[in-house]
file upload.pdb (PDB, C-alpha atoms, pLDDT in the B column)
ATOM      1  CA  MET N   1      11.713  14.289  20.416  1.00 36.00           C
ATOM      2  CA  GLY N   2      10.363  12.607  23.501  1.00 41.00           C
ATOM      3  CA  HIS N   3      11.704  12.830  27.046  1.00 40.00           C
ATOM      4  CA  SER N   4      12.672  10.093  29.517  1.00 39.00           C
ATOM      5  CA  GLY N   5      13.405   7.631  26.746  1.00 42.00           C
ATOM      6  CA  GLN N   6       9.915   7.983  25.237  1.00 43.00           C
ATOM      7  CA  THR N   7       9.491   8.257  21.483  1.00 40.00           C
ATOM      8  CA  LEU N   8       6.824  10.510  20.041  1.00 42.00           C
ATOM      9  CA  ASN N   9       4.941   8.637  17.307  1.00 46.00           C
ATOM     10  CA  LEU N  10       3.903  11.161  14.675  1.00 44.00           C
ATOM     11  CA  PRO N  11       1.285  10.344  12.021  1.00 47.00           C
ATOM     12  CA  PRO N  12       2.718   9.507   8.573  1.00 57.00           C
ATOM     13  CA  SER N  13       2.958  12.324   6.057  1.00 65.00           C
ATOM     14  CA  PRO N  14      -0.064  12.557   3.746  1.00 76.00           C
ATOM     15  CA  ARG N  15       0.330  11.083   0.270  1.00 84.00           C
ATOM     16  CA  PHE N  16      -1.130  12.822  -2.743  1.00 90.00           C
ATOM     17  CA  LEU N  17      -2.787  11.784  -6.004  1.00 92.00           C
ATOM     18  CA  LEU N  18      -2.866  13.685  -9.274  1.00 94.00           C
ATOM     19  CA  SER N  19      -6.238  15.380  -9.703  1.00 93.00           C
ATOM     20  CA  PRO N  20      -8.426  13.668 -12.330  1.00 94.00           C
ATOM     21  CA  SER N  21     -10.076  17.038 -13.028  1.00 92.00           C
ATOM     22  CA  SER N  22      -6.760  18.613 -14.108  1.00 92.00           C
ATOM     23  CA  CYS N  23      -7.670  18.732 -17.789  1.00 91.00           C
ATOM     24  CA  LEU N  24      -7.203  22.363 -18.774  1.00 93.00           C
ATOM     25  CA  ASP N  25      -4.177  23.203 -20.925  1.00 94.00           C
ATOM     26  CA  GLU N  26      -2.596  25.235 -18.127  1.00 96.00           C
ATOM     27  CA  GLN N  27      -3.059  22.401 -15.625  1.00 95.00           C
ATOM     28  CA  LEU N  28      -1.609  19.830 -18.017  1.00 96.00           C
ATOM     29  CA  LEU N  29       1.350  22.141 -18.634  1.00 97.00           C
ATOM     30  CA  GLN N  30       1.961  22.222 -14.868  1.00 97.00           C
ATOM     31  CA  LEU N  31       1.885  18.411 -14.755  1.00 97.00           C
ATOM     32  CA  LYS N  32       4.366  18.263 -17.632  1.00 97.00           C
ATOM     33  CA  PHE N  33       6.630  20.657 -15.710  1.00 97.00           C
ATOM     34  CA  LEU N  34       6.330  18.351 -12.672  1.00 97.00           C
ATOM     35  CA  GLY N  35       7.548  15.524 -14.902  1.00 97.00           C
ATOM     36  CA  ILE N  36      10.485  17.651 -16.058  1.00 97.00           C
ATOM     37  CA  LEU N  37      11.425  18.371 -12.427  1.00 96.00           C
ATOM     38  CA  MET N  38      11.237  14.650 -11.624  1.00 96.00           C
ATOM     39  CA  GLY N  39      13.483  13.883 -14.590  1.00 96.00           C
ATOM     40  CA  VAL N  40      15.965  16.529 -13.454  1.00 95.00           C
ATOM     41  CA  ALA N  41      15.954  15.014  -9.945  1.00 93.00           C
ATOM     42  CA  ILE N  42      16.849  11.614 -11.423  1.00 93.00           C
ATOM     43  CA  ARG N  43      19.509  13.008 -13.762  1.00 92.00           C
ATOM     44  CA  THR N  44      21.213  15.322 -11.249  1.00 89.00           C
ATOM     45  CA  LYS N  45      20.674  13.018  -8.221  1.00 86.00           C
ATOM     46  CA  LYS N  46      19.227  15.947  -6.292  1.00 86.00           C
ATOM     47  CA  PRO N  47      16.031  14.548  -4.717  1.00 87.00           C
ATOM     48  CA  LEU N  48      12.647  16.226  -4.493  1.00 89.00           C
ATOM     49  CA  ASP N  49      10.557  16.212  -1.315  1.00 85.00           C
ATOM     50  CA  LEU N  50       7.528  14.818  -3.139  1.00 89.00           C
ATOM     51  CA  HIS N  51       4.792  12.862  -1.354  1.00 89.00           C
ATOM     52  CA  LEU N  52       2.904  10.970  -4.060  1.00 94.00           C
ATOM     53  CA  ALA N  53       0.755   7.936  -3.290  1.00 94.00           C
ATOM     54  CA  PRO N  54       2.303   4.532  -4.180  1.00 94.00           C
ATOM     55  CA  MET N  55      -0.293   3.993  -6.926  1.00 95.00           C
ATOM     56  CA  VAL N  56       1.005   7.079  -8.796  1.00 96.00           C
ATOM     57  CA  TRP N  57       4.557   5.712  -8.775  1.00 96.00           C
ATOM     58  CA  LYS N  58       3.216   2.356 -10.041  1.00 96.00           C
ATOM     59  CA  GLN N  59       1.443   4.071 -12.929  1.00 96.00           C
ATOM     60  CA  LEU N  60       4.560   6.055 -13.817  1.00 96.00           C
ATOM     61  CA  CYS N  61       6.341   2.680 -14.102  1.00 95.00           C
ATOM     62  CA  CYS N  62       3.448   1.310 -16.218  1.00 94.00           C
ATOM     63  CA  ILE N  63       2.602  -1.275 -13.551  1.00 95.00           C
ATOM     64  CA  PRO N  64      -1.121  -2.204 -13.724  1.00 96.00           C
ATOM     65  CA  LEU N  65      -3.118  -1.130 -10.681  1.00 96.00           C
ATOM     66  CA  VAL N  66      -5.156  -3.564  -8.585  1.00 96.00           C
ATOM     67  CA  LEU N  67      -7.938  -3.156  -6.029  1.00 95.00           C
ATOM     68  CA  GLU N  68      -5.432  -3.062  -3.149  1.00 96.00           C
ATOM     69  CA  ASP N  69      -3.934   0.123  -4.632  1.00 95.00           C
ATOM     70  CA  LEU N  70      -7.329   1.812  -4.469  1.00 95.00           C
ATOM     71  CA  GLU N  71      -7.880   0.553  -0.915  1.00 95.00           C
ATOM     72  CA  GLU N  72      -4.634   2.225   0.096  1.00 93.00           C
ATOM     73  CA  VAL N  73      -5.867   5.686  -0.894  1.00 92.00           C
ATOM     74  CA  ASP N  74      -9.643   5.357  -0.399  1.00 93.00           C
ATOM     75  CA  LEU N  75     -10.523   2.444   1.862  1.00 93.00           C
ATOM     76  CA  LEU N  76     -13.950   3.850   2.727  1.00 94.00           C
ATOM     77  CA  TYR N  77     -14.995   3.956  -0.944  1.00 94.00           C
ATOM     78  CA  VAL N  78     -13.898   0.360  -1.523  1.00 95.00           C
ATOM     79  CA  GLN N  79     -15.795  -0.722   1.602  1.00 95.00           C
ATOM     80  CA  THR N  80     -18.893   1.070   0.307  1.00 92.00           C
ATOM     81  CA  LEU N  81     -18.616  -0.732  -3.042  1.00 94.00           C
ATOM     82  CA  ASN N  82     -18.177  -4.071  -1.261  1.00 94.00           C
ATOM     83  CA  SER N  83     -21.307  -3.442   0.779  1.00 91.00           C
ATOM     84  CA  ILE N  84     -23.238  -2.798  -2.459  1.00 92.00           C
ATOM     85  CA  LEU N  85     -21.763  -5.933  -4.028  1.00 92.00           C
ATOM     86  CA  HIS N  86     -22.807  -8.146  -1.101  1.00 91.00           C
ATOM     87  CA  ILE N  87     -25.878  -6.217  -0.056  1.00 89.00           C
ATOM     88  CA  GLU N  88     -27.991  -9.388   0.028  1.00 87.00           C
ATOM     89  CA  ASP N  89     -25.996 -10.424   3.120  1.00 86.00           C
ATOM     90  CA  SER N  90     -27.701  -7.534   4.936  1.00 82.00           C
ATOM     91  CA  GLY N  91     -31.154  -8.796   4.013  1.00 84.00           C
ATOM     92  CA  ILE N  92     -31.606  -6.263   1.206  1.00 84.00           C
ATOM     93  CA  THR N  93     -33.706  -7.466  -1.749  1.00 85.00           C
ATOM     94  CA  GLU N  94     -34.793  -6.025  -5.070  1.00 85.00           C
ATOM     95  CA  ASP N  95     -37.895  -4.630  -3.376  1.00 83.00           C
ATOM     96  CA  ASN N  96     -36.115  -2.446  -0.836  1.00 84.00           C
ATOM     97  CA  PHE N  97     -32.807  -1.876  -2.708  1.00 86.00           C
ATOM     98  CA  HIS N  98     -33.461   1.796  -3.491  1.00 83.00           C
ATOM     99  CA  GLU N  99     -34.589   2.528   0.038  1.00 82.00           C
ATOM    100  CA  MET N 100     -31.118   1.520   1.308  1.00 82.00           C
ATOM    101  CA  ILE N 101     -28.848   2.686  -1.544  1.00 84.00           C
ATOM    102  CA  PRO N 102     -28.748   6.461  -2.142  1.00 84.00           C
ATOM    103  CA  LEU N 103     -27.428   6.012  -5.703  1.00 86.00           C
ATOM    104  CA  ASP N 104     -29.853   5.614  -8.589  1.00 88.00           C
ATOM    105  CA  SER N 105     -27.512   5.611 -11.610  1.00 92.00           C
ATOM    106  CA  PHE N 106     -24.008   4.612 -12.754  1.00 95.00           C
ATOM    107  CA  VAL N 107     -22.234   7.511 -11.047  1.00 95.00           C
ATOM    108  CA  GLY N 108     -19.532   7.299  -8.398  1.00 94.00           C
ATOM    109  CA  GLN N 109     -17.090   9.369  -6.395  1.00 93.00           C
ATOM    110  CA  SER N 110     -13.850  10.355  -8.106  1.00 94.00           C
ATOM    111  CA  ALA N 111     -10.523  10.828  -6.328  1.00 93.00           C
ATOM    112  CA  ASP N 112     -11.215  14.560  -5.878  1.00 91.00           C
ATOM    113  CA  GLY N 113     -14.586  13.884  -4.248  1.00 90.00           C
ATOM    114  CA  LYS N 114     -16.848  14.790  -7.176  1.00 93.00           C
ATOM    115  CA  MET N 115     -19.735  12.571  -8.284  1.00 93.00           C
ATOM    116  CA  VAL N 116     -19.078  11.602 -11.917  1.00 95.00           C
ATOM    117  CA  PRO N 117     -20.420   9.059 -14.444  1.00 96.00           C
ATOM    118  CA  ILE N 118     -18.304   5.909 -14.150  1.00 95.00           C
ATOM    119  CA  ILE N 119     -19.050   4.971 -17.774  1.00 95.00           C
ATOM    120  CA  PRO N 120     -20.119   7.151 -20.719  1.00 95.00           C
ATOM    121  CA  GLY N 121     -23.772   8.080 -20.224  1.00 95.00           C
ATOM    122  CA  GLY N 122     -23.708   6.713 -16.691  1.00 93.00           C
ATOM    123  CA  ASN N 123     -26.072   9.427 -15.478  1.00 94.00           C
ATOM    124  CA  SER N 124     -28.910   7.877 -17.473  1.00 95.00           C
ATOM    125  CA  ILE N 125     -28.184   4.201 -16.687  1.00 95.00           C
ATOM    126  CA  PRO N 126     -30.220   3.144 -13.643  1.00 94.00           C
ATOM    127  CA  LEU N 127     -28.510   1.253 -10.816  1.00 93.00           C
ATOM    128  CA  THR N 128     -30.618  -1.729  -9.777  1.00 91.00           C
ATOM    129  CA  PHE N 129     -30.361  -4.760  -7.554  1.00 90.00           C
ATOM    130  CA  SER N 130     -29.741  -6.974 -10.594  1.00 92.00           C
ATOM    131  CA  ASN N 131     -26.939  -4.899 -12.169  1.00 93.00           C
ATOM    132  CA  ARG N 132     -25.173  -3.898  -8.926  1.00 93.00           C
ATOM    133  CA  LYS N 133     -22.245  -6.278  -9.607  1.00 95.00           C
ATOM    134  CA  GLU N 134     -21.595  -4.642 -12.969  1.00 96.00           C
ATOM    135  CA  TYR N 135     -21.852  -1.228 -11.282  1.00 96.00           C
ATOM    136  CA  VAL N 136     -19.203  -2.152  -8.693  1.00 96.00           C
ATOM    137  CA  ALA N 137     -16.875  -3.580 -11.367  1.00 97.00           C
ATOM    138  CA  ARG N 138     -17.252  -0.433 -13.509  1.00 97.00           C
ATOM    139  CA  ALA N 139     -16.753   1.859 -10.494  1.00 96.00           C
ATOM    140  CA  ILE N 140     -13.492   0.118  -9.575  1.00 97.00           C
ATOM    141  CA  GLU N 141     -12.324   0.161 -13.197  1.00 97.00           C
ATOM    142  CA  TYR N 142     -13.048   3.887 -13.401  1.00 97.00           C
ATOM    143  CA  ARG N 143     -11.082   4.691 -10.236  1.00 97.00           C
ATOM    144  CA  LEU N 144      -8.086   2.590 -11.319  1.00 96.00           C
ATOM    145  CA  HIS N 145      -7.816   4.516 -14.599  1.00 97.00           C
ATOM    146  CA  GLU N 146      -9.164   7.986 -13.784  1.00 96.00           C
ATOM    147  CA  ILE N 147      -5.733   9.688 -13.747  1.00 96.00           C
ATOM    148  CA  ASP N 148      -4.268   7.833 -16.745  1.00 96.00           C
ATOM    149  CA  ARG N 149      -4.213  11.037 -18.790  1.00 96.00           C
ATOM    150  CA  GLN N 150      -2.511  13.051 -16.057  1.00 97.00           C
ATOM    151  CA  VAL N 151       0.108  10.312 -15.493  1.00 97.00           C
ATOM    152  CA  ALA N 152       0.825  10.201 -19.236  1.00 97.00           C
ATOM    153  CA  VAL N 153       1.475  13.976 -19.218  1.00 97.00           C
ATOM    154  CA  VAL N 154       3.903  13.653 -16.275  1.00 97.00           C
ATOM    155  CA  ARG N 155       5.710  10.842 -18.140  1.00 96.00           C
ATOM    156  CA  GLU N 156       5.892  13.090 -21.212  1.00 96.00           C
ATOM    157  CA  GLY N 157       7.609  15.750 -19.106  1.00 97.00           C
ATOM    158  CA  MET N 158      10.045  13.181 -17.712  1.00 96.00           C
ATOM    159  CA  SER N 159      10.831  12.022 -21.252  1.00 96.00           C
ATOM    160  CA  TRP N 160      12.412  15.414 -21.959  1.00 96.00           C
ATOM    161  CA  ILE N 161      15.164  14.585 -19.449  1.00 96.00           C
ATOM    162  CA  VAL N 162      15.381  10.791 -19.011  1.00 94.00           C
ATOM    163  CA  PRO N 163      14.616   7.765 -21.249  1.00 94.00           C
ATOM    164  CA  VAL N 164      11.080   7.027 -20.063  1.00 90.00           C
ATOM    165  CA  PRO N 165      10.858   3.456 -21.513  1.00 90.00           C
ATOM    166  CA  LEU N 166      13.456   2.428 -18.917  1.00 90.00           C
ATOM    167  CA  LEU N 167      11.027   3.337 -16.115  1.00 90.00           C
ATOM    168  CA  SER N 168       9.103   0.140 -16.837  1.00 89.00           C
ATOM    169  CA  LEU N 169      12.175  -1.796 -15.630  1.00 93.00           C
ATOM    170  CA  LEU N 170      11.843  -0.234 -12.167  1.00 92.00           C
ATOM    171  CA  THR N 171       9.571  -1.007  -9.253  1.00 94.00           C
ATOM    172  CA  ALA N 172       7.430   1.827  -7.919  1.00 94.00           C
ATOM    173  CA  LYS N 173       9.631   2.001  -4.820  1.00 93.00           C
ATOM    174  CA  GLN N 174      12.826   2.222  -6.887  1.00 93.00           C
ATOM    175  CA  LEU N 175      11.437   5.086  -8.975  1.00 95.00           C
ATOM    176  CA  GLU N 176      10.287   6.933  -5.858  1.00 94.00           C
ATOM    177  CA  GLN N 177      13.759   6.608  -4.344  1.00 91.00           C
ATOM    178  CA  MET N 178      15.408   7.844  -7.549  1.00 92.00           C
ATOM    179  CA  VAL N 179      13.169  10.936  -7.599  1.00 94.00           C
ATOM    180  CA  CYS N 180      12.767  11.592  -3.881  1.00 89.00           C
ATOM    181  CA  GLY N 181      15.787   9.999  -2.244  1.00 84.00           C
ATOM    182  CA  MET N 182      15.456   8.573   1.248  1.00 79.00           C
ATOM    183  CA  PRO N 183      12.697   9.907   3.533  1.00 75.00           C
ATOM    184  CA  GLU N 184      14.768   9.079   6.615  1.00 77.00           C
ATOM    185  CA  ILE N 185      17.869  11.137   7.385  1.00 76.00           C
ATOM    186  CA  SER N 186      20.323   8.597   8.821  1.00 74.00           C
ATOM    187  CA  VAL N 187      23.021   9.832  11.185  1.00 77.00           C
ATOM    188  CA  ASP N 188      25.297   7.040   9.920  1.00 78.00           C
ATOM    189  CA  VAL N 189      24.951   8.441   6.396  1.00 75.00           C
ATOM    190  CA  LEU N 190      25.642  11.979   7.612  1.00 77.00           C
ATOM    191  CA  LYS N 191      28.849  10.736   9.276  1.00 76.00           C
ATOM    192  CA  LYS N 192      29.991   9.413   5.890  1.00 75.00           C
ATOM    193  CA  VAL N 193      29.556  12.748   4.120  1.00 73.00           C
ATOM    194  CA  VAL N 194      30.900  15.157   6.747  1.00 77.00           C
ATOM    195  CA  ARG N 195      34.240  16.990   6.519  1.00 77.00           C
ATOM    196  CA  TYR N 196      36.216  17.969   9.601  1.00 77.00           C
ATOM    197  CA  ARG N 197      38.327  21.145   9.546  1.00 77.00           C
ATOM    198  CA  GLU N 198      40.821  21.840  12.318  1.00 74.00           C
ATOM    199  CA  VAL N 199      38.941  19.551  14.691  1.00 76.00           C
ATOM    200  CA  GLU N 200      39.281  15.836  15.374  1.00 79.00           C
ATOM    201  CA  GLU N 201      36.446  13.416  14.782  1.00 75.00           C
ATOM    202  CA  HIS N 202      36.728  12.141  18.374  1.00 79.00           C
ATOM    203  CA  HIS N 203      36.673  15.579  19.999  1.00 76.00           C
ATOM    204  CA  THR N 204      34.193  15.730  22.865  1.00 79.00           C
ATOM    205  CA  GLN N 205      32.116  18.502  21.315  1.00 81.00           C
ATOM    206  CA  VAL N 206      31.935  16.613  18.029  1.00 78.00           C
ATOM    207  CA  GLN N 207      30.666  13.568  19.896  1.00 83.00           C
ATOM    208  CA  TRP N 208      28.069  15.755  21.617  1.00 84.00           C
ATOM    209  CA  PHE N 209      27.000  17.013  18.206  1.00 80.00           C
ATOM    210  CA  TRP N 210      26.455  13.509  16.844  1.00 78.00           C
ATOM    211  CA  GLN N 211      24.636  12.430  19.991  1.00 85.00           C
ATOM    212  CA  THR N 212      22.300  15.402  19.651  1.00 81.00           C
ATOM    213  CA  LEU N 213      21.536  14.426  16.055  1.00 76.00           C
ATOM    214  CA  GLU N 214      20.869  10.846  17.196  1.00 80.00           C
ATOM    215  CA  ASP N 215      18.375  12.191  19.743  1.00 84.00           C
ATOM    216  CA  PHE N 216      16.609  14.277  17.099  1.00 80.00           C
ATOM    217  CA  SER N 217      13.437  12.980  15.494  1.00 81.00           C
ATOM    218  CA  ASN N 218      13.623  12.476  11.730  1.00 77.00           C
ATOM    219  CA  GLU N 219      11.637  15.686  11.252  1.00 81.00           C
ATOM    220  CA  GLU N 220      14.260  17.589  13.256  1.00 81.00           C
ATOM    221  CA  ARG N 221      17.096  16.000  11.254  1.00 78.00           C
ATOM    222  CA  VAL N 222      15.303  17.115   8.066  1.00 76.00           C
ATOM    223  CA  LEU N 223      15.285  20.678   9.421  1.00 82.00           C
ATOM    224  CA  PHE N 224      18.993  20.330  10.212  1.00 79.00           C
ATOM    225  CA  MET N 225      19.714  19.183   6.633  1.00 76.00           C
ATOM    226  CA  ARG N 226      17.724  22.092   5.279  1.00 76.00           C
ATOM    227  CA  PHE N 227      19.760  24.464   7.446  1.00 76.00           C
ATOM    228  CA  VAL N 228      23.202  23.158   6.388  1.00 73.00           C
ATOM    229  CA  SER N 229      22.481  22.318   2.742  1.00 70.00           C
ATOM    230  CA  GLY N 230      19.161  23.832   1.694  1.00 67.00           C
ATOM    231  CA  ARG N 231      17.853  20.305   1.012  1.00 71.00           C
ATOM    232  CA  SER N 232      15.484  18.097   2.975  1.00 69.00           C
ATOM    233  CA  ARG N 233      16.245  14.765   1.235  1.00 71.00           C
ATOM    234  CA  LEU N 234      19.382  12.718   0.637  1.00 71.00           C
ATOM    235  CA  PRO N 235      19.931  10.576  -2.477  1.00 70.00           C
ATOM    236  CA  ALA N 236      19.183   6.874  -2.012  1.00 67.00           C
ATOM    237  CA  ASN N 237      22.807   6.068  -2.879  1.00 70.00           C
ATOM    238  CA  THR N 238      25.356   7.628  -0.504  1.00 66.00           C
ATOM    239  CA  ALA N 239      27.896   7.832  -3.326  1.00 62.00           C
ATOM    240  CA  ASP N 240      25.589  10.322  -5.094  1.00 63.00           C
ATOM    241  CA  ILE N 241      25.842  12.882  -2.277  1.00 66.00           C
ATOM    242  CA  SER N 242      28.045  15.542  -3.813  1.00 65.00           C
ATOM    243  CA  GLN N 243      27.380  18.323  -1.328  1.00 65.00           C
ATOM    244  CA  ARG N 244      29.050  17.693   2.044  1.00 69.00           C
ATOM    245  CA  PHE N 245      28.671  19.734   5.190  1.00 70.00           C
ATOM    246  CA  GLN N 246      31.597  20.706   7.405  1.00 76.00           C
ATOM    247  CA  ILE N 247      32.320  20.655  11.105  1.00 73.00           C
ATOM    248  CA  MET N 248      35.026  23.179  11.843  1.00 74.00           C
ATOM    249  CA  LYS N 249      36.791  24.708  14.791  1.00 72.00           C
ATOM    250  CA  VAL N 250      35.691  28.228  15.612  1.00 69.00           C
ATOM    251  CA  ASP N 251      38.185  30.553  17.182  1.00 66.00           C
ATOM    252  CA  ARG N 252      36.353  32.479  19.913  1.00 61.00           C
ATOM    253  CA  THR N 253      39.310  34.652  20.913  1.00 54.00           C
ATOM    254  CA  HIS N 254      38.891  38.382  20.241  1.00 48.00           C
TER     255      HIS N 254
END

call {"tool": "encode", "arguments": {"input": "upload.pdb", "output": "structure tokens"}}
result
Amino acid sequence: MGHSGQTLNLPPSPRFLLSPSSCLDEQLLQLKFLGILMGVAIRTKKPLDLHLAPMVWKQLCCIPLVLEDLEEVDLLYVQTLNSILHIEDSGITEDNFHEMIPLDSFVGQSADGKMVPIIPGGNSIPLTFSNRKEYVARAIEYRLHEIDRQVAVVREGMSWIVPVPLLSLLTAKQLEQMVCGMPEISVDVLKKVVRYREVEEHHTQVQWFWQTLEDFSNEERVLFMRFVSGRSRLPANTADISQRFQIMKVDRTH
């Protein structure tokens, strides 16, 4: 909350990917449980405070990923691949290619930062000036599909609770809102779900209360929601808010 009419601009919350190295049975079981929780959130309309990258929501909806999705989570890697693709623009030729490019085989960086073969046997396939375009295409293809298995396990968990084929009818944003609700806590929405007990809506102190909430940052309103309801997200549809908070008169006489 800023002073003198100034608004404090906070950086956006980090968004997370599923780890492509989560392949052990125990890790896959955890991902399946995550899917179950997401299904429960949809079914019960009790949102989860879950910060997944947009490309994960797209994959859960079976929407094919494109290069822009990768740029959104790893712009530097895409820029590096583009520089390899158009390296001749920098005056690099076949003769000095390996002096400028630190890679010597078909390996690339995965989402969790590890260097991995981007195709089977990639460690033994040399990267050269002449096959650099194929390398870039394979590297992008690898990154767009590296968490397919993990996404499939999450969908399997969701299928225990909700009809997963219907997810393909949703946009990524719609699915995120069904699972996570609205990231912004709107005072107008709170006014619709409040109950007044022994106090009038237009009472001065009630008006002070609402004005204070208006002055709060969204992060502070989230803390308020957590205090009064134990939740930090509201359902996307106001009609789905079953738990209301109360403003009541307190008798201070002893």

call {"tool": "resolve_selection", "arguments": {"input": "upload.pdb", "expression": "the PyMOL selection byres ((chain N and resi 101) around 12)", "output": "list in words"}}
result
Thr80, Leu81, Ser83, Ile84, Leu85, Ile87, Ile92, Thr93, Glu94, Asp95, Asn96, Phe97, His98, Glu99, Met100, Pro102, Leu103, Asp104, Ser105, Leu127, Thr128, Phe129 and Arg132 of chain N

call {"tool": "atom_distance", "arguments": {"input": "upload.pdb", "atom1": "CA of Phe245 (chain N)", "atom2": "CA of Val194 (chain N)"}}
result
5.3 Å

call {"tool": "resolve_selection", "arguments": {"input": "upload.pdb", "expression": "the PyMOL selection byres ((chain N and resi 56-59) around 10)", "output": "PyMOL selection string"}}
result
chain N and resi 15-18+52-55+60-65+69+144-145+147-148+151-152+155+167-168+170-176

call {"tool": "closest_residue", "arguments": {"input": "upload.pdb", "among": "N:Val107, N:Ile119, N:Leu166, N:Ile161", "to": "Leu34 (chain N)", "atoms": "only C-alpha atoms"}}
result
N:Ile161

call {"tool": "closest_atom_pairs", "arguments": {"input": "upload.pdb", "of": "region 113-218 of chain N", "to": "region 36-41 of chain N", "cutoff": "8 Å", "atoms": "only C-alpha atoms", "output": "JSON lines"}}
result
{"residue": "N:Val154", "atom": "CA", "partner": "N:Ile36", "partner_atom": "CA", "distance": 7.7}
{"residue": "N:Gly157", "atom": "CA", "partner": "N:Ile36", "partner_atom": "CA", "distance": 4.6}
{"residue": "N:Met158", "atom": "CA", "partner": "N:Gly39", "partner_atom": "CA", "distance": 4.7}
{"residue": "N:Ser159", "atom": "CA", "partner": "N:Gly39", "partner_atom": "CA", "distance": 7.4}
{"residue": "N:Trp160", "atom": "CA", "partner": "N:Ile36", "partner_atom": "CA", "distance": 6.6}
{"residue": "N:Ile161", "atom": "CA", "partner": "N:Gly39", "partner_atom": "CA", "distance": 5.2}
{"residue": "N:Val162", "atom": "CA", "partner": "N:Gly39", "partner_atom": "CA", "distance": 5.7}
{"residue": "N:Met178", "atom": "CA", "partner": "N:Ala41", "partner_atom": "CA", "distance": 7.6}
{"residue": "N:Val179", "atom": "CA", "partner": "N:Ala41", "partner_atom": "CA", "distance": 5.5}
{"residue": "N:Cys180", "atom": "CA", "partner": "N:Ala41", "partner_atom": "CA", "distance": 7.7}

call {"tool": "atom_distance", "arguments": {"input": "upload.pdb", "atom1": "CA of Gly122 (chain N)", "atom2": "CA of Phe106 (chain N)"}}
result
4.5 Å

call {"tool": "resolve_selection", "arguments": {"input": "upload.pdb", "expression": "the PyMOL selection byres ((chain N and resi 196) around 12)", "output": "number ranges by chain"}}
result
N: 191-195, 197-203, 206, 244-250

call {"tool": "closest_residue", "arguments": {"input": "upload.pdb", "among": "N:Arg231, N:Arg138, N:Arg221, N:Arg143", "to": "Asp74 (chain N)", "atoms": "only C-alpha atoms"}}
result
N:Arg143
